[in-house]
Structure formats: C-alpha cells, structure tokens
$ cat structure.tsv   # TSV, C-alpha atoms
chain	number	residue	atom	x	y	z
H	298	MET	CA	23.52	-7.64	-1.98
H	299	ASN	CA	23.73	-11.02	-0.24
H	300	LEU	CA	20.11	-12.14	0.12
H	301	PRO	CA	18.88	-15.11	2.19
H	302	PHE	CA	16.11	-15.63	-0.39
H	303	GLU	CA	15.42	-15.35	-4.14
H	304	VAL	CA	13.22	-12.53	-5.48
H	305	ILE	CA	10.96	-14.14	-8.11
H	306	TYR	CA	8.53	-11.29	-8.89
H	307	GLU	CA	8.65	-7.56	-8.31
H	308	ASP	CA	6.74	-4.45	-9.41
H	309	ASN	CA	5.65	-1.16	-7.82
H	310	HIS	CA	2.88	-2.81	-5.78
H	311	LEU	CA	4.04	-6.39	-5.12
H	312	ILE	CA	7.12	-8.43	-4.35
H	313	ALA	CA	7.30	-12.23	-4.20
H	314	ILE	CA	10.18	-14.34	-2.94
H	315	ASN	CA	11.06	-18.01	-2.88
H	316	LYS	CA	11.09	-18.57	0.88
H	317	PRO	CA	13.80	-20.91	2.18
H	318	ALA	CA	12.62	-23.56	4.61
H	319	GLY	CA	13.45	-22.64	8.20
H	320	MET	CA	12.89	-18.89	7.95
H	321	LEU	CA	10.12	-17.05	9.78
H	322	VAL	CA	7.66	-14.93	7.82
H	323	GLN	CA	6.87	-12.61	10.74
H	324	GLY	CA	8.53	-12.14	14.11
H	325	ASP	CA	7.64	-14.45	16.99
H	326	ARG	CA	8.87	-15.21	20.51
H	327	THR	CA	12.10	-16.77	19.20
H	328	GLY	CA	13.36	-13.29	18.39
H	329	ASP	CA	14.77	-14.51	15.03
H	330	ILE	CA	14.81	-11.90	12.27
H	331	PRO	CA	11.75	-12.56	10.07
H	332	LEU	CA	11.73	-12.56	6.29
H	333	SER	CA	9.56	-9.44	6.25
H	334	GLU	CA	12.48	-7.47	7.72
H	335	HIS	CA	14.96	-8.92	5.23
H	336	VAL	CA	12.66	-7.98	2.34
H	337	LYS	CA	12.27	-4.44	3.70
H	338	GLN	CA	16.05	-4.11	3.84
H	339	TYR	CA	16.35	-5.39	0.26
H	340	ILE	CA	13.85	-2.76	-0.97
H	341	LYS	CA	15.52	-0.02	1.06
H	342	GLU	CA	18.95	-0.78	-0.40
H	343	LYS	CA	17.85	-1.43	-3.98
H	344	TYR	CA	15.79	1.75	-4.28
H	345	LYS	CA	17.96	3.83	-1.92
H	346	LYS	CA	15.00	4.75	0.26
H	347	GLN	CA	15.75	7.14	3.12
H	348	ASN	CA	12.52	6.61	5.08
H	349	ASN	CA	10.86	3.51	6.46
H	350	VAL	CA	9.84	0.95	3.85
H	351	TYR	CA	6.19	-0.13	3.66
H	352	LEU	CA	5.67	-3.88	3.40
H	353	GLY	CA	2.39	-5.72	3.98
H	354	VAL	CA	2.29	-9.42	4.82
H	355	THR	CA	-0.53	-10.90	2.72
H	356	HIS	CA	-0.28	-14.55	3.84
H	357	ARG	CA	2.04	-16.88	5.74
H	358	ILE	CA	3.93	-20.10	5.19
H	359	ASP	CA	4.92	-22.38	8.08
H	360	ARG	CA	8.54	-22.02	9.16
H	361	PRO	CA	9.71	-25.47	7.90
H	362	VAL	CA	7.98	-24.98	4.50
H	363	SER	CA	9.56	-23.42	1.40
H	364	GLY	CA	8.14	-21.62	-1.62
H	365	VAL	CA	6.25	-18.63	-2.98
H	366	LEU	CA	5.62	-15.86	-0.47
H	367	LEU	CA	3.81	-12.70	-1.62
H	368	PHE	CA	4.14	-9.28	0.01
H	369	ALA	CA	2.39	-5.98	-0.77
H	370	ARG	CA	4.53	-2.88	-1.33
H	371	THR	CA	1.59	-0.46	-1.06
H	372	SER	CA	-1.39	-0.16	1.29
H	373	LYS	CA	-3.73	-0.22	-1.71
H	374	ALA	CA	-2.33	-3.55	-2.88
H	375	LEU	CA	-2.47	-4.99	0.65
H	376	ALA	CA	-6.14	-4.07	1.16
H	377	ARG	CA	-7.13	-5.57	-2.19
H	378	LEU	CA	-5.07	-8.74	-1.73
H	379	ASN	CA	-6.53	-9.25	1.75
H	380	LYS	CA	-10.02	-9.07	0.20
H	381	MET	CA	-8.98	-11.53	-2.53
H	382	PHE	CA	-7.66	-14.02	0.01
H	383	GLN	CA	-10.88	-13.61	2.01
H	384	ASP	CA	-12.97	-14.18	-1.13
H	385	LYS	CA	-10.80	-17.19	-2.09
H	386	THR	CA	-9.98	-15.78	-5.54
H	387	ILE	CA	-6.25	-16.48	-5.11
H	388	GLN	CA	-5.21	-20.02	-6.01
H	389	LYS	CA	-2.20	-21.57	-4.27
H	390	THR	CA	-0.55	-24.80	-5.41
H	391	TYR	CA	1.80	-26.83	-3.22
H	392	TRP	CA	4.04	-29.83	-3.82
H	393	ALA	CA	4.33	-32.42	-1.06
H	394	VAL	CA	6.67	-35.40	-0.79
H	395	VAL	CA	4.91	-38.10	1.23
H	396	LYS	CA	5.73	-41.51	2.63
H	397	ASN	CA	2.78	-43.52	1.29
H	398	ASN	CA	0.70	-43.37	-1.87
H	399	PRO	CA	-2.76	-41.87	-1.27
H	400	PRO	CA	-5.81	-44.13	-1.72
H	401	LYS	CA	-6.76	-42.45	-5.03
H	402	MET	CA	-4.75	-40.80	-7.82
H	403	GLU	CA	-6.69	-37.59	-7.21
H	404	ASP	CA	-9.40	-36.53	-4.81
H	405	THR	CA	-10.69	-33.72	-2.60
H	406	LEU	CA	-9.96	-34.15	1.09
H	407	VAL	CA	-12.60	-32.83	3.48
H	408	HIS	CA	-11.96	-32.73	7.23
H	409	TYR	CA	-12.99	-30.68	10.22
H	410	LEU	CA	-10.04	-29.19	12.07
H	411	VAL	CA	-9.52	-27.88	15.55
H	412	LYS	CA	-6.34	-26.07	16.59
H	413	ASP	CA	-4.50	-26.89	19.80
H	414	GLN	CA	-3.04	-23.49	20.69
H	415	VAL	CA	-0.70	-24.87	23.37
H	416	ARG	CA	0.95	-27.47	21.14
H	417	ASN	CA	0.61	-25.39	17.92
H	418	LYS	CA	-0.96	-28.37	16.21
H	419	SER	CA	-4.25	-29.15	14.48
H	420	LYS	CA	-6.40	-32.28	14.77
H	421	ALA	CA	-8.67	-33.48	11.97
H	422	TYR	CA	-12.06	-35.14	12.33
H	423	PRO	CA	-14.10	-36.83	9.59
H	424	ILE	CA	-17.32	-35.10	10.67
H	425	GLU	CA	-18.14	-31.70	12.07
H	426	ARG	CA	-17.78	-31.22	15.82
H	427	LYS	CA	-18.22	-28.25	18.07
H	428	GLY	CA	-15.34	-25.81	17.59
H	429	THR	CA	-14.05	-27.35	14.34
H	430	LYS	CA	-13.57	-25.61	10.99
H	431	ARG	CA	-14.12	-27.24	7.61
H	432	ALA	CA	-10.94	-27.82	5.57
H	433	GLU	CA	-10.86	-28.79	1.90
H	434	THR	CA	-7.82	-29.64	-0.21
H	435	GLN	CA	-7.65	-31.05	-3.72
H	436	TYR	CA	-4.73	-33.37	-4.41
H	437	LYS	CA	-3.29	-35.13	-7.45
H	438	TRP	CA	-0.53	-37.76	-7.67
H	439	LEU	CA	2.36	-36.60	-9.88
H	440	GLN	CA	5.28	-39.01	-9.57
H	441	SER	CA	6.87	-41.71	-7.40
H	442	SER	CA	10.36	-42.94	-6.54
H	443	ASP	CA	11.25	-46.13	-4.69
H	444	ASN	CA	10.45	-44.66	-1.28
H	445	TYR	CA	8.46	-41.45	-1.76
H	446	HIS	CA	5.60	-39.95	-3.72
H	447	LEU	CA	5.06	-36.42	-5.06
H	448	LEU	CA	1.59	-34.92	-4.72
H	449	GLU	CA	0.18	-31.64	-6.01
H	450	MET	CA	-2.01	-29.97	-3.38
H	451	LYS	CA	-4.52	-27.14	-3.90
H	452	PRO	CA	-6.04	-25.89	-0.64
H	453	LEU	CA	-9.59	-24.56	-1.06
H	454	THR	CA	-9.67	-23.25	2.51
H	455	GLY	CA	-6.93	-21.72	4.65
H	456	ARG	CA	-6.80	-23.55	7.97
H	457	HIS	CA	-3.92	-23.95	10.40
H	458	HIS	CA	-1.48	-26.65	9.14
H	459	GLN	CA	-4.24	-27.76	6.76
H	460	ILE	CA	-2.23	-29.72	4.18
H	461	ARG	CA	0.03	-31.26	6.82
H	462	VAL	CA	-2.75	-32.60	9.03
H	463	GLN	CA	-4.99	-33.71	6.17
H	464	LEU	CA	-2.20	-35.74	4.54
H	465	SER	CA	-1.29	-37.26	7.89
H	466	THR	CA	-4.93	-38.24	8.41
H	467	ILE	CA	-4.95	-40.31	5.20
H	468	ASP	CA	-1.66	-42.00	6.24
H	469	CYS	CA	0.50	-39.90	3.88
H	470	PRO	CA	2.71	-37.93	6.29
H	471	ILE	CA	5.03	-35.39	4.68
H	472	LYS	CA	8.72	-36.30	4.72
H	473	GLY	CA	10.37	-34.74	7.77
H	474	ASP	CA	7.12	-33.68	9.44
H	475	ILE	CA	7.40	-35.44	12.80
H	476	LYS	CA	4.65	-33.21	14.21
H	477	TYR	CA	2.22	-35.00	11.90
H	478	GLY	CA	3.41	-38.59	11.87
H	479	PHE	CA	6.64	-38.88	9.90
H	480	LYS	CA	9.17	-40.99	11.81
H	481	ARG	CA	12.27	-38.77	11.60
H	482	THR	CA	13.20	-35.16	10.97
H	483	ASN	CA	15.06	-33.78	7.97
H	484	LYS	CA	18.62	-32.80	8.89
H	485	ASP	CA	17.92	-29.10	8.23
H	486	ALA	CA	14.59	-29.17	10.17
H	487	SER	CA	12.65	-28.55	6.95
H	488	ILE	CA	9.69	-30.60	5.79
H	489	HIS	CA	9.12	-31.62	2.16
H	490	LEU	CA	6.23	-29.22	1.55
H	491	HIS	CA	6.77	-26.46	-1.02
H	492	ALA	CA	4.52	-23.59	-2.08
H	493	ARG	CA	4.98	-24.12	-5.81
H	494	LYS	CA	2.70	-21.52	-7.37
H	495	ILE	CA	0.32	-18.64	-6.70
H	496	GLU	CA	-2.23	-17.38	-9.26
H	497	PHE	CA	-4.32	-14.22	-9.00
H	498	ILE	CA	-5.49	-11.07	-10.75
H	499	HIS	CA	-3.09	-8.21	-10.06
H	500	PRO	CA	-4.78	-5.95	-7.47
H	501	VAL	CA	-3.90	-2.76	-9.37
H	502	SER	CA	-3.20	-3.53	-13.05
H	503	LYS	CA	-5.89	-6.28	-13.17
H	504	GLU	CA	-3.58	-8.48	-15.25
H	505	PRO	CA	-3.53	-12.24	-14.54
H	506	ILE	CA	-0.38	-13.15	-12.59
H	507	ILE	CA	1.20	-16.58	-12.10
H	508	ILE	CA	4.28	-16.77	-9.86
H	509	THR	CA	6.20	-20.06	-9.65
H	510	ALA	CA	8.98	-21.05	-7.24
H	511	GLU	CA	11.52	-23.81	-7.84
H	512	PRO	CA	11.75	-26.40	-5.03
H	513	PRO	CA	14.89	-26.59	-2.86
H	514	LYS	CA	18.04	-27.91	-4.52
H	515	GLU	CA	18.05	-31.25	-2.74
H	516	VAL	CA	18.30	-34.88	-3.88
H	517	ILE	CA	14.74	-36.07	-3.21
H	518	TRP	CA	13.12	-32.89	-4.53
H	519	GLY	CA	15.31	-33.17	-7.63
H	520	ALA	CA	14.48	-36.82	-8.26
H	521	LEU	CA	10.72	-36.41	-7.82
H	522	THR	CA	10.26	-33.17	-9.77
H	523	SER	CA	12.46	-33.93	-12.78
H	524	GLY	CA	10.45	-33.52	-15.97
H	525	ILE	CA	7.51	-31.89	-14.17
H	526	ARG	CA	6.63	-28.25	-14.83

$ encode --input "structure.tsv" --output "structure tokens"
Amino acid sequence: MNLPFEVIYEDNHLIAINKPAGMLVQGDRTGDIPLSEHVKQYIKEKYKKQNNVYLGVTHRIDRPVSGVLLFARTSKALARLNKMFQDKTIQKTYWAVVKNNPPKMEDTLVHYLVKDQVRNKSKAYPIERKGTKRAETQYKWLQSSDNYHLLEMKPLTGRHHQIRVQLSTIDCPIKGDIKYGFKRTNKDASIHLHARKIEFIHPVSKEPIIITAEPPKEVIWGALTSGIR
C-alpha cells in the first residue's frame, strides 16, 4: 500500500499519522483529497472492510504544518476525545524553526487574538479588546544554528493560527511563513512548524499515551534537531 503519510500509532479506537506538510486534514473549497479520506482508504484496505469506514477528526493542523494528527476509529473514542480537548487535558507539543531568538530562553506568551475570516489570518493584541480571544503558549529555546533557532511550543489554548501569530508578534516569524512575517516561502510551500508530540489518557483503555512524530527529512530540520529527543 503506497501511503502519502506514515502511520505512527494504531489500535481499535485510534489511529495517528505523521502528517506531511501541504496536505489538507479535511476537505475544503480547493477540492483536494483530504487526509481523512486517505486514512479511511488505508483502514478499508488493511482490514478488508466491505462497508463505509468510520473515522472521526479530533483536531486539525494547518495545511503547511507537519506532524502528529490523531483520528478516532469509533464514535465512543471521538466523543471522549472531543471532551478531553474541550477540557484541555490533551497536551500538544510543537517544534518551530524561527528567524530570531526570542527575548527569553523560556516564557509563556499571552495575547488576545481576533480572526480575519476573509484573509484567513489572525491578529494579536497585547490586551483584551472586544471580539478577541485569549491565547496562551509556553515556549522554550532548544537549539540554534547560524541563521535559525529551534523552539519548543506548548499551546495552552487552541486559537486560530495561535503559535504562528504569537511568534510573529514577538519578532520570531516561522521559517517560510510569509503570512506572518517571514520574508520568503519555502520551496514546497511548507512552513517550519511541526506537531512533535501529543500526550493524553487513552479514551477507552485509560492508559497514558504519548505519540511522537519525526520532523520532515530536510536539511534545516535535521541540523536543528540532531541530538534532541
């Protein structure tokens, strides 16, 4: 089976993949085949299912972003995971390659975001305004090269383009992210933001689960993540 993604976790209730940058999670007006359909096809072929395959989308990752993407294979798992995301008991960790070093080695960013629906972009304010939503992200510096810096990001809220706009606001735009201040695109239209890890209690077995995704095989990712687990 020639898959456009890597399956990194699978059981009767869940499946997680390492999403390639550039692929849609769910269908949109572009008409491109979303990852959810590819994963359904994978399950259908692997388990020789005759009927329609159930697959619940539990969360999303922006199209130019890579990394861990978790789906539910049963309605029970989907309902419980939705509640866990709502209750913020699922911890996501991202890696970001940025242009400038942040002002501190580690900190918690707090901004108030408003989404521009027309431009599909968020704007961050330092104080609350009418129509804004509070966004919080913890970050930690991990490593630097001559031109770029690797940060670990842990979003505490789930706002639109949260990590991207918050890093841009502190003058640390993500490599390739021209929407939020980087000067040029990456050749493959990706940005250097990767969903590295997701941690949660399994919605059915109640066992602690940690799922980790390797970053794209690319020179800058390789240089900045060598020796880091």

$ residues_around --input "structure.tsv" --residues "H:Lys373" --least-positions-apart "3" --cutoff "9 Å" --atoms "all atoms listed in the file" --output "list in words"
His310, Ala369, Arg370, Ala376, Arg377, Leu378, Pro500 and Val501 of chain H

$ closest_residue --input "structure.tsv" --among "H:Met320, H:Met450, H:Leu439, H:Ile340" --to "H:Ile358" --atoms "all atoms listed in the file"
H:Met320

$ closest_atom_pairs --input "structure.tsv" --of "stretch 298-391 of chain H" --to "stretch 471-494 of chain H" --cutoff "7 Å" --atoms "all atoms listed in the file" --output "tab-separated table"
residue	atom	partner	partner_atom	distance
H:Ala318	CA	H:Ser487	CA	5.5
H:Gly319	CA	H:Ser487	CA	6.1
H:Pro361	CA	H:Ser487	CA	4.4
H:Val362	CA	H:Leu490	CA	5.5
H:Ser363	CA	H:His491	CA	4.8
H:Gly364	CA	H:Ala492	CA	4.1
H:Val365	CA	H:Ala492	CA	5.3
H:Lys389	CA	H:Lys494	CA	5.8
H:Thr390	CA	H:Lys494	CA	5.0
H:Tyr391	CA	H:Ala492	CA	4.4

$ atom_distance --input "structure.tsv" --atom1 "atom CA of H:Glu511" --atom2 "atom CA of H:Ile305"
9.7 Å

$ closest_residue --input "structure.tsv" --among "H:Val354, H:Ile495, H:Val415, H:Leu453" --to "H:Asp384" --atoms "only C-alpha atoms"
H:Leu453

$ residues_around --input "structure.tsv" --residues "H:Ile314" --least-positions-apart "3" --cutoff "10 Å" --atoms "only C-alpha atoms" --output "list in words"
Phe302, Glu303, Val304, Ile305, Tyr306, Glu307, Pro317, Leu332, Val336, Gly364, Val365, Leu366, Leu367, Phe368, Ile508, Thr509 and Ala510 of chain H

$ residues_around --input "structure.tsv" --residues "stretch 417-426 of chain H" --least-positions-apart "3" --cutoff "8 Å" --atoms "all atoms listed in the file" --output "number ranges by chain"
H: 407-414, 429-431, 457-459, 462-463, 466, 476

$ atom_distance --input "structure.tsv" --atom1 "atom CA of H:Pro513" --atom2 "atom CA of H:Thr434"
23.1 Å

$ closest_residue --input "structure.tsv" --among "H:Ser523, H:Ser442, H:Gln435, H:Asn349" --to "H:Thr405" --atoms "all atoms listed in the file"
H:Gln435

$ closest_residue --input "structure.tsv" --among "H:Ile506, H:Ala520, H:Thr386, H:Met381" --to "H:Tyr445" --atoms "only C-alpha atoms"
H:Ala520

$ closest_residue --input "structure.tsv" --among "H:Pro452, H:Tyr344, H:Lys316, H:Gln383" --to "H:Pro331" --atoms "only C-alpha atoms"
H:Lys316

$ closest_residue --input "structure.tsv" --among "H:His356, H:Val350, H:His499, H:Lys437" --to "H:Asp308" --atoms "only C-alpha atoms"
H:His499

$ atom_distance --input "structure.tsv" --atom1 "atom CA of H:His446" --atom2 "atom CA of H:Val322"
27.6 Å

$ decode --input "structure.tsv" --residues "stretch 361-387 of chain H" --atoms "N, CA and C atoms" --output "PDB file, in the first residue's frame"
ATOM      1  N   PRO H 361       0.099  23.927   5.805  1.00  0.00           N
ATOM      2  CA  PRO H 361       1.553  23.928   5.605  1.00  0.00           C
ATOM      3  C   PRO H 361       2.359  23.342   6.765  1.00  0.00           C
ATOM      4  N   VAL H 362       1.679  22.837   7.794  1.00  0.00           N
ATOM      5  CA  VAL H 362       2.322  22.314   9.006  1.00  0.00           C
ATOM      6  C   VAL H 362       2.373  20.788   8.942  1.00  0.00           C
ATOM      7  N   SER H 363       3.426  20.200   9.496  1.00  0.00           N
ATOM      8  CA  SER H 363       3.570  18.746   9.544  1.00  0.00           C
ATOM      9  C   SER H 363       3.367  18.235  10.971  1.00  0.00           C
ATOM     10  N   GLY H 364       3.297  16.894  11.113  1.00  0.00           N
ATOM     11  CA  GLY H 364       3.333  16.314  12.447  1.00  0.00           C
ATOM     12  C   GLY H 364       2.154  15.457  12.855  1.00  0.00           C
ATOM     13  N   VAL H 365       2.090  15.172  14.155  1.00  0.00           N
ATOM     14  CA  VAL H 365       1.114  14.228  14.716  1.00  0.00           C
ATOM     15  C   VAL H 365      -0.315  14.690  14.466  1.00  0.00           C
ATOM     16  N   LEU H 366      -1.100  13.789  13.889  1.00  0.00           N
ATOM     17  CA  LEU H 366      -2.523  14.046  13.662  1.00  0.00           C
ATOM     18  C   LEU H 366      -3.286  12.818  14.142  1.00  0.00           C
ATOM     19  N   LEU H 367      -4.223  13.028  15.067  1.00  0.00           N
ATOM     20  CA  LEU H 367      -4.941  11.938  15.730  1.00  0.00           C
ATOM     21  C   LEU H 367      -6.372  11.845  15.226  1.00  0.00           C
ATOM     22  N   PHE H 368      -6.778  10.648  14.841  1.00  0.00           N
ATOM     23  CA  PHE H 368      -8.154  10.386  14.429  1.00  0.00           C
ATOM     24  C   PHE H 368      -8.776   9.338  15.350  1.00  0.00           C
ATOM     25  N   ALA H 369     -10.115   9.378  15.460  1.00  0.00           N
ATOM     26  CA  ALA H 369     -10.850   8.368  16.218  1.00  0.00           C
ATOM     27  C   ALA H 369     -11.443   7.344  15.252  1.00  0.00           C
ATOM     28  N   ARG H 370     -11.310   6.066  15.607  1.00  0.00           N
ATOM     29  CA  ARG H 370     -11.862   4.999  14.767  1.00  0.00           C
ATOM     30  C   ARG H 370     -13.246   4.533  15.245  1.00  0.00           C
ATOM     31  N   THR H 371     -13.673   5.037  16.406  1.00  0.00           N
ATOM     32  CA  THR H 371     -15.006   4.700  16.913  1.00  0.00           C
ATOM     33  C   THR H 371     -15.689   5.966  17.416  1.00  0.00           C
ATOM     34  N   SER H 372     -17.018   5.952  17.425  1.00  0.00           N
ATOM     35  CA  SER H 372     -17.772   7.118  17.905  1.00  0.00           C
ATOM     36  C   SER H 372     -17.547   7.337  19.395  1.00  0.00           C
ATOM     37  N   LYS H 373     -17.358   6.250  20.126  1.00  0.00           N
ATOM     38  CA  LYS H 373     -17.087   6.370  21.572  1.00  0.00           C
ATOM     39  C   LYS H 373     -15.779   7.121  21.807  1.00  0.00           C
ATOM     40  N   ALA H 374     -14.747   6.737  21.065  1.00  0.00           N
ATOM     41  CA  ALA H 374     -13.446   7.408  21.215  1.00  0.00           C
ATOM     42  C   ALA H 374     -13.543   8.870  20.801  1.00  0.00           C
ATOM     43  N   LEU H 375     -14.283   9.160  19.724  1.00  0.00           N
ATOM     44  CA  LEU H 375     -14.402  10.544  19.261  1.00  0.00           C
ATOM     45  C   LEU H 375     -15.076  11.416  20.311  1.00  0.00           C
ATOM     46  N   ALA H 376     -16.178  10.949  20.876  1.00  0.00           N
ATOM     47  CA  ALA H 376     -16.910  11.735  21.880  1.00  0.00           C
ATOM     48  C   ALA H 376     -16.014  12.029  23.086  1.00  0.00           C
ATOM     49  N   ARG H 377     -15.268  11.028  23.521  1.00  0.00           N
ATOM     50  CA  ARG H 377     -14.415  11.213  24.709  1.00  0.00           C
ATOM     51  C   ARG H 377     -13.214  12.108  24.397  1.00  0.00           C
ATOM     52  N   LEU H 378     -12.632  11.959  23.217  1.00  0.00           N
ATOM     53  CA  LEU H 378     -11.511  12.828  22.848  1.00  0.00           C
ATOM     54  C   LEU H 378     -11.965  14.271  22.677  1.00  0.00           C
ATOM     55  N   ASN H 379     -13.132  14.471  22.089  1.00  0.00           N
ATOM     56  CA  ASN H 379     -13.672  15.836  21.959  1.00  0.00           C
ATOM     57  C   ASN H 379     -13.803  16.495  23.329  1.00  0.00           C
ATOM     58  N   LYS H 380     -14.282  15.724  24.310  1.00  0.00           N
ATOM     59  CA  LYS H 380     -14.430  16.246  25.682  1.00  0.00           C
ATOM     60  C   LYS H 380     -13.056  16.554  26.279  1.00  0.00           C
ATOM     61  N   MET H 381     -12.077  15.701  26.006  1.00  0.00           N
ATOM     62  CA  MET H 381     -10.722  15.919  26.531  1.00  0.00           C
ATOM     63  C   MET H 381     -10.073  17.155  25.921  1.00  0.00           C
ATOM     64  N   PHE H 382     -10.277  17.364  24.624  1.00  0.00           N
ATOM     65  CA  PHE H 382      -9.759  18.590  24.007  1.00  0.00           C
ATOM     66  C   PHE H 382     -10.448  19.812  24.602  1.00  0.00           C
ATOM     67  N   GLN H 383     -11.750  19.713  24.814  1.00  0.00           N
ATOM     68  CA  GLN H 383     -12.523  20.821  25.392  1.00  0.00           C
ATOM     69  C   GLN H 383     -12.042  21.131  26.813  1.00  0.00           C
ATOM     70  N   ASP H 384     -11.734  20.075  27.568  1.00  0.00           N
ATOM     71  CA  ASP H 384     -11.284  20.243  28.956  1.00  0.00           C
ATOM     72  C   ASP H 384      -9.785  20.527  29.062  1.00  0.00           C
ATOM     73  N   LYS H 385      -9.107  20.566  27.904  1.00  0.00           N
ATOM     74  CA  LYS H 385      -7.660  20.861  27.845  1.00  0.00           C
ATOM     75  C   LYS H 385      -6.829  19.840  28.631  1.00  0.00           C
ATOM     76  N   THR H 386      -7.214  18.568  28.550  1.00  0.00           N
ATOM     77  CA  THR H 386      -6.435  17.517  29.210  1.00  0.00           C
ATOM     78  C   THR H 386      -5.534  16.776  28.216  1.00  0.00           C
ATOM     79  N   ILE H 387      -5.496  17.245  26.984  1.00  0.00           N
ATOM     80  CA  ILE H 387      -4.590  16.699  25.974  1.00  0.00           C
ATOM     81  C   ILE H 387      -3.478  17.718  25.747  1.00  0.00           C
TER      82      ILE H 387
END
